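Everything on this sheet refers to the single structure shown next.
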Amino acid sequence: MRLFIAINLEKETRDRLTILQDGIRVSSKKGSFTLQDNMHITLAFLGECTPRQTDAAKRAIDEIQFDPFDITIDSIGRFKRETGDIWWAGIKKSQELLNLQHKLTEDLIAEGFDLENRSYTPHITLGRKVITNTTPKKVSPFSEKVHTINLMKSERVDGVLIYTSIYKRGKKLKPIVVAPYNPDWVVQFEKIKAFLLPYIGRVVTDIHHIGSTSVPGLSAKPIIDFDIEIESMKNFPAIKEQLGQLGYKHLGDVGIPGREAFMREIPDDFMAYHMYVCPSDSPELRRHIKLRDYLRANPKAAEEYGLLKTALAKEHVTDIDAYINGKTTFILRTCIQ
């Protein structure tokens, strides 16, 4: 896989960058402009990686510890090239960002990566091979808070360059909330399911409510998790198209084979939810259902799991990675019984 490590940007930031990009585009004779979904801040470019190198990159990311910090975009500029310039949005100097990139580079080198030895200039590429009369300038500054870094896969799908996160580490901006069980969670799942079925029912085997909100009496983060089961990945293009028409963006497998993640980019009236599409032979689907069914059938185990999650949330506050890692032993023990 062709990989790089990056900071992905919130949609509001990408919307504002698109406005800056359009200002360059309309005055350009030619240019290849970055898709909004692909806008990011590169921390390290790794190139073509073997599975072993991919695991090494994940280990390097795991070594990074940082608290959320602000970055500010305050300029547009260019790198001059004979075939057309690279135009970018510039980031006001951030010592937190420079420290993050420096530590990541050290860890990647320790893992055996041969990285380019050059000064780091953080920026967001807006276009390549651009010929325009526009000149670099300062812009009204705008900011966002960095709280995660992503291992990204770069590939061409039907001729279009697509970037997909396959591994992510960082912290939440708000404290992790584990709430007492609420019977309304089942009602909310059924509402989402009833909304989706008329559009995707013909290609779906079932829609499974999974995760802690699916287990009566179990404390949980108030976010609905569900798996849309399809017979095989042959059905995936059809359901992807239908979900796309409903405003759902395909996020890829996010580093977990057998589970394709989707996120709705337009507002709806449902409570927060995570949605995945899985073929019937997916190990992830089987694991999700096995854990759910075990906890439903064993209230004492469900109580133990709820107490564990509550304690982890109090201990780690915003560190979602530590929270998830703290649950792993319990989940693995349950799923191999």
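We label chains A, B, ... in the order they appear in the structure tokens, count residues from 1 in each chain, and number ligands from 1 in the order shown.
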
Practice problem: Fewer than 5 positions away in the same chain doesn't count, so skip those; otherwise give me all residues within 9 Å of Val130 (chain A), counting only C-alpha atoms, as a ChimeraX atom specification. | Solution: /A:24-25,28-33,83-87

Open item on the list: Residues near region 182-192 of chain A, anyone? I mean within 8 Å using only C-alpha atoms, not counting same-chain ones fewer than 3 positions away, as a list in words.
Closed with: Phe195, Leu196, His209, Thr213, Ser214, Pro216, Gly217, Pro222, Ile224, Phe270 and Met271 of chain A

Region 106-110 of chain A: which residues within 12 Å, counting only C-alpha atoms, same-chain residues fewer than 5 positions away excluded, as a list of chain:residue names?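 That gives A:Phe4, A:Ile5, A:Leu43, A:Ala44, A:Phe45, A:Leu46, A:Gln53, A:Thr54, A:Asp55, A:Ala56, A:Ala57, A:Lys58, A:Arg59, A:Ala60, A:Ile61, A:Asp62, A:Glu63, A:Ile64, A:Gln65, A:Asn99, A:Leu100, A:Gln101, A:Leu115, A:Glu116, A:Asn117.
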
Just write the chosen residues, N, CA and C atoms, as a compact mmCIF listing (two decimals), in the first residue's frame.
```txt
# COMPACT_ATOMS: atom_id res chain seq x y z
N PHE A 4 0.89 7.37 3.88
CA PHE A 4 1.45 8.56 4.50
C PHE A 4 0.72 8.79 5.82
N ILE A 5 1.30 9.61 6.68
CA ILE A 5 0.69 9.92 7.97
C ILE A 5 0.28 11.39 7.95
N LEU A 43 2.22 14.72 7.70
CA LEU A 43 3.25 14.67 8.73
C LEU A 43 4.46 13.87 8.27
N ALA A 44 4.22 12.80 7.51
CA ALA A 44 5.32 11.98 6.99
C ALA A 44 4.81 11.19 5.79
N PHE A 45 5.61 11.18 4.72
CA PHE A 45 5.28 10.38 3.53
C PHE A 45 6.10 9.10 3.58
N LEU A 46 5.44 7.96 3.49
CA LEU A 46 6.10 6.67 3.63
C LEU A 46 6.29 5.95 2.30
N GLN A 53 5.99 -3.24 7.09
CA GLN A 53 6.23 -1.80 7.25
C GLN A 53 4.96 -1.08 7.74
N THR A 54 3.80 -1.55 7.31
CA THR A 54 2.55 -0.97 7.77
C THR A 54 2.40 -1.14 9.27
N ASP A 55 2.73 -2.34 9.76
CA ASP A 55 2.70 -2.58 11.21
C ASP A 55 3.71 -1.69 11.94
N ALA A 56 4.87 -1.48 11.32
CA ALA A 56 5.89 -0.62 11.92
C ALA A 56 5.40 0.82 12.02
N ALA A 57 4.70 1.28 10.98
CA ALA A 57 4.15 2.64 11.00
C ALA A 57 3.12 2.78 12.11
N LYS A 58 2.30 1.76 12.32
CA LYS A 58 1.31 1.79 13.40
C LYS A 58 2.00 1.84 14.76
N ARG A 59 3.10 1.10 14.91
CA ARG A 59 3.83 1.15 16.18
C ARG A 59 4.38 2.55 16.44
N ALA A 60 4.90 3.18 15.39
CA ALA A 60 5.43 4.54 15.55
C ALA A 60 4.32 5.51 15.97
N ILE A 61 3.15 5.36 15.37
CA ILE A 61 2.02 6.22 15.73
C ILE A 61 1.61 5.97 17.19
N ASP A 62 1.66 4.71 17.61
CA ASP A 62 1.30 4.38 18.99
C ASP A 62 2.21 5.05 20.01
N GLU A 63 3.42 5.38 19.60
CA GLU A 63 4.37 6.00 20.52
C GLU A 63 4.08 7.48 20.75
N ILE A 64 3.22 8.06 19.90
CA ILE A 64 2.96 9.49 19.97
C ILE A 64 1.92 9.79 21.05
N GLN A 65 2.25 10.69 21.94
CA GLN A 65 1.32 11.16 22.96
C GLN A 65 1.26 12.68 22.87
N ASN A 99 6.68 19.89 17.11
CA ASN A 99 7.12 18.85 18.04
C ASN A 99 6.51 17.50 17.69
N LEU A 100 5.23 17.51 17.33
CA LEU A 100 4.54 16.27 16.95
C LEU A 100 5.22 15.64 15.74
N GLN A 101 5.47 16.44 14.72
CA GLN A 101 6.08 15.92 13.50
C GLN A 101 7.50 15.43 13.76
N LEU A 115 13.36 8.28 5.58
CA LEU A 115 12.54 9.45 5.25
C LEU A 115 13.38 10.53 4.60
N GLU A 116 12.68 11.41 3.84
CA GLU A 116 13.36 12.53 3.21
C GLU A 116 13.95 13.45 4.29
N ASN A 117 15.19 13.82 4.09
CA ASN A 117 15.87 14.68 5.06
C ASN A 117 15.75 16.14 4.61
```

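Summary of the local environment: counting only C-alpha atoms, residues at most 8 Å from region 306-308 of chain A, other than itself and those fewer than 5 positions away along its chain, are A:Leu218, A:Ser219, A:Ala220, A:Lys327.
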
What lies within 6 Å of Ser154 (chain A) using only C-alpha atoms, ignoring chain neighbours under 2 positions off, as a ChimeraX atom specification? /A:2,162-163

Self-check item: Between CA of Leu9 (chain A) and CA of Thr318 (chain A) - distance in Å to one decimal
Solution: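 Going from CA of Thr318 (chain A) over to CA of Leu9 (chain A) covers 19.2 Å.
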
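Relative to CA of Val317 (chain A), CA of Ile71 (chain A) is found at 22.7 Å.
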
Using only C-alpha atoms, the residue out of A:Tyr305, A:Phe142, A:Phe262, A:Tyr323 with shortest distance to Arg14 (chain A) is A:Phe142
